[in-house]
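Down below is the structure, laid out as C-alpha cells.
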Amino acid sequence: MPYSETSFNLPVMQGLSQKQIDAHLKLYAGYVKNVNALAEKVDEYRKDSAAHAVALSELTRRYAFEWNGMRLHEIYFASLGGNGAIEGALADALAATYGTVDAWKIEVQAMAMMRGIGWVLLVVDRATNTLRNIWVSDHEVGHLAGCDVLFALDVWEHAYLLDYLPAQRADYVTAVFANLNWKSVEERYVNKNM
Ligand SMILES: [Fe+2]
C-alpha cells in the first residue's frame, strides 16, 4: 500500500520562516513520492528477480535513502511548533545520562556543527534503555541497528538556507530548540510502538 504524506499544522515560528518550512515540506513530499515509486518498480522487477538483479539491488539501496528521508522528516516536523520546554520522563532520563538536560543539548549543538549533510539523532536502545546522540550522513548512513529514533535534527543546508547562511548553522539549531514540541519526542520515548 502506498504511503501518504503526514500533515503538520505548524504555527508561525520565531527563527524558522513559513517560506523555509513550506520549501522543506515540499522536499519531504518528494521523499514520500519516491518511496512509493521505488516500491512499485521493485514489485515489477521482483516478478523476474534474476533478470533484474542489478536494477533490483540498486533500487533497494536507494530505497533506504528515500525511506529514511521520509521517516526522519516526519520525526523532525512533528518535533517543531512547541515552546521549547524539555520536560518529562525523557528529560529525566537525559539528565541521568548526561548530567543535565543542558549538557545533552550542548552535545547535540556541537554535533550539529559537523561539516557535511546529515542528521543528529537522539536514539534509544530499548534493550538497555540507553540514550545516545548519533550522526547520520545523508539519511541512512550511520544508524544503530535496532535503536529507535526519538529526536531528529535536520542539518542538511536545505533545512535552513532560506533563513540562514551556511556559516550560521548554529543559529538555525538554536531556532529549532526554541521551537521544540517536546511532547512528540516524549511520546516516542514513552510509546514504544511509535
Ligand atoms: Fe530536510
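If you're wondering about the labels, chains in the C-alpha cells are A, B, ... by order shown, residues count from 1 in each chain, ligands from 1 in order shown.
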Ligand 1: which residues are within 10 Å, counting only C-alpha atoms and all ligand atoms, as a VMD selection string?
-> chain A and resid 21 23 to 28 31 69 to 70 72 to 74 76 to 77 117 to 119 138 to 139 153 to 160
Counting only C-alpha atoms, what is within 12 Å of Asp163 in chain A, bar same-chain residues fewer than 6 positions away, as a PDB file with C-alpha atoms, in the first residue's frame?
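Produced file part.pdb, reproduced below:
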ATOM      1  CA  GLN A  14      10.396  32.585  15.507  1.00  0.00           C
ATOM      2  CA  GLY A  15      13.580  31.947  13.574  1.00  0.00           C
ATOM      3  CA  LEU A  16      12.067  29.451  11.114  1.00  0.00           C
ATOM      4  CA  SER A  17      10.144  31.260   8.379  1.00  0.00           C
ATOM      5  CA  GLN A  18       6.987  29.948   6.761  1.00  0.00           C
ATOM      6  CA  LYS A  19       8.780  30.162   3.411  1.00  0.00           C
ATOM      7  CA  GLN A  20      11.553  27.888   4.712  1.00  0.00           C
ATOM      8  CA  ILE A  21       9.129  25.412   6.276  1.00  0.00           C
ATOM      9  CA  ALA A  23      10.001  24.655   0.889  1.00  0.00           C
ATOM     10  CA  HIS A  24      11.197  21.940   3.261  1.00  0.00           C
ATOM     11  CA  GLU A 157      21.527  23.019   4.280  1.00  0.00           C
ATOM     12  CA  ARG A 169      24.032  26.838  11.140  1.00  0.00           C
ATOM     13  CA  ASP A 171      21.662  29.981  14.812  1.00  0.00           C
ATOM     14  CA  TYR A 172      19.346  27.626  12.939  1.00  0.00           C
ATOM     15  CA  VAL A 173      19.933  24.930  15.564  1.00  0.00           C
ATOM     16  CA  ALA A 175      15.879  28.281  16.487  1.00  0.00           C
TER      17      ALA A 175
END
Between range 146-191 of chain A and range 6-13 of chain A, at 10 Å or less, what are the per-residue closest atom pairs and their distances in Å? Count only C-alpha atoms, order by chain and rising residue number, and return it as CSV.
residue,atom,partner,partner_atom,distance
A:Ala175,CA,A:Met13,CA,8.6
A:Val176,CA,A:Met13,CA,9.3
A:Ala178,CA,A:Met13,CA,9.0
A:Asn179,CA,A:Met13,CA,6.7
File dump, residues just selected, N, CA and C atoms, as a PDB file, in the first residue's frame:
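Below is the file selection.pdb, written as the result:
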ATOM      1  N   ALA A 175      17.299  28.046  16.818  1.00  0.00           N
ATOM      2  CA  ALA A 175      15.879  28.281  16.487  1.00  0.00           C
ATOM      3  C   ALA A 175      15.075  26.982  16.613  1.00  0.00           C
ATOM      4  N   VAL A 176      15.646  25.871  16.180  1.00  0.00           N
ATOM      5  CA  VAL A 176      14.941  24.587  16.314  1.00  0.00           C
ATOM      6  C   VAL A 176      14.670  24.299  17.791  1.00  0.00           C
ATOM      7  N   ALA A 178      14.419  26.399  20.198  1.00  0.00           N
ATOM      8  CA  ALA A 178      13.460  27.365  20.752  1.00  0.00           C
ATOM      9  C   ALA A 178      12.025  26.990  20.385  1.00  0.00           C
ATOM     10  N   ASN A 179      11.865  26.242  19.291  1.00  0.00           N
ATOM     11  CA  ASN A 179      10.524  25.880  18.816  1.00  0.00           C
ATOM     12  C   ASN A 179      10.205  24.396  19.000  1.00  0.00           C
TER      13      ASN A 179
END
Near Tyr189 in chain A, counting only C-alpha atoms, which residues have an atom at most 9 Å away, once you skip same-chain residues fewer than 2 positions from it, shown as a list in words?
-> Ala89, Leu90, Val124, Asp148, Val149, Leu150, Ser184, Val185, Glu186, Glu187, Asn191, Lys192 and Met194 of chain A
Distance in Å - CA of Leu180 in chain A versus CA of Gly99 in chain A = 20.7 Å
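Taking only C-alpha atoms into account, Val101 in chain A lies nearest to A:Ile86 out of the set A:Ile86, A:Gly146, A:Gly81, A:Arg115.
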Any idea what's packed within 12 Å of range 47-63 of chain A, counting only C-alpha atoms, ignoring anything in its chain fewer than 5 positions away? Could you give it as a PyMOL selection string?
-> chain A and resi 31-42+68-71+138-141
Every residue of range 118-148 of chain A that DSSP places in strand (DSSP E or B), as a list in words | Gly118, Trp119, Val120, Leu121, Leu122, Val123, Val124, Asp125, Thr130, Leu131, Arg132, Asn133, Ile134, Trp135, Val136, Ser137, Val141 and Asp148 of chain A
Going by DSSP on the backbone, which bits of chain A are alpha helix (DSSP H)? Write them as an MDAnalysis selection string, please.
-> chainID A and resid 18:46 53:78 89:98 101:111 169:178 182:190
Option closest in space to Ala91 in chain A, from A:Met1, A:Leu131, A:Leu165, A:Val108 [counting only C-alpha atoms] =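 Of A:Met1, A:Leu131, A:Leu165, A:Val108, the one nearest Ala91 in chain A is A:Leu131, counting only C-alpha atoms.
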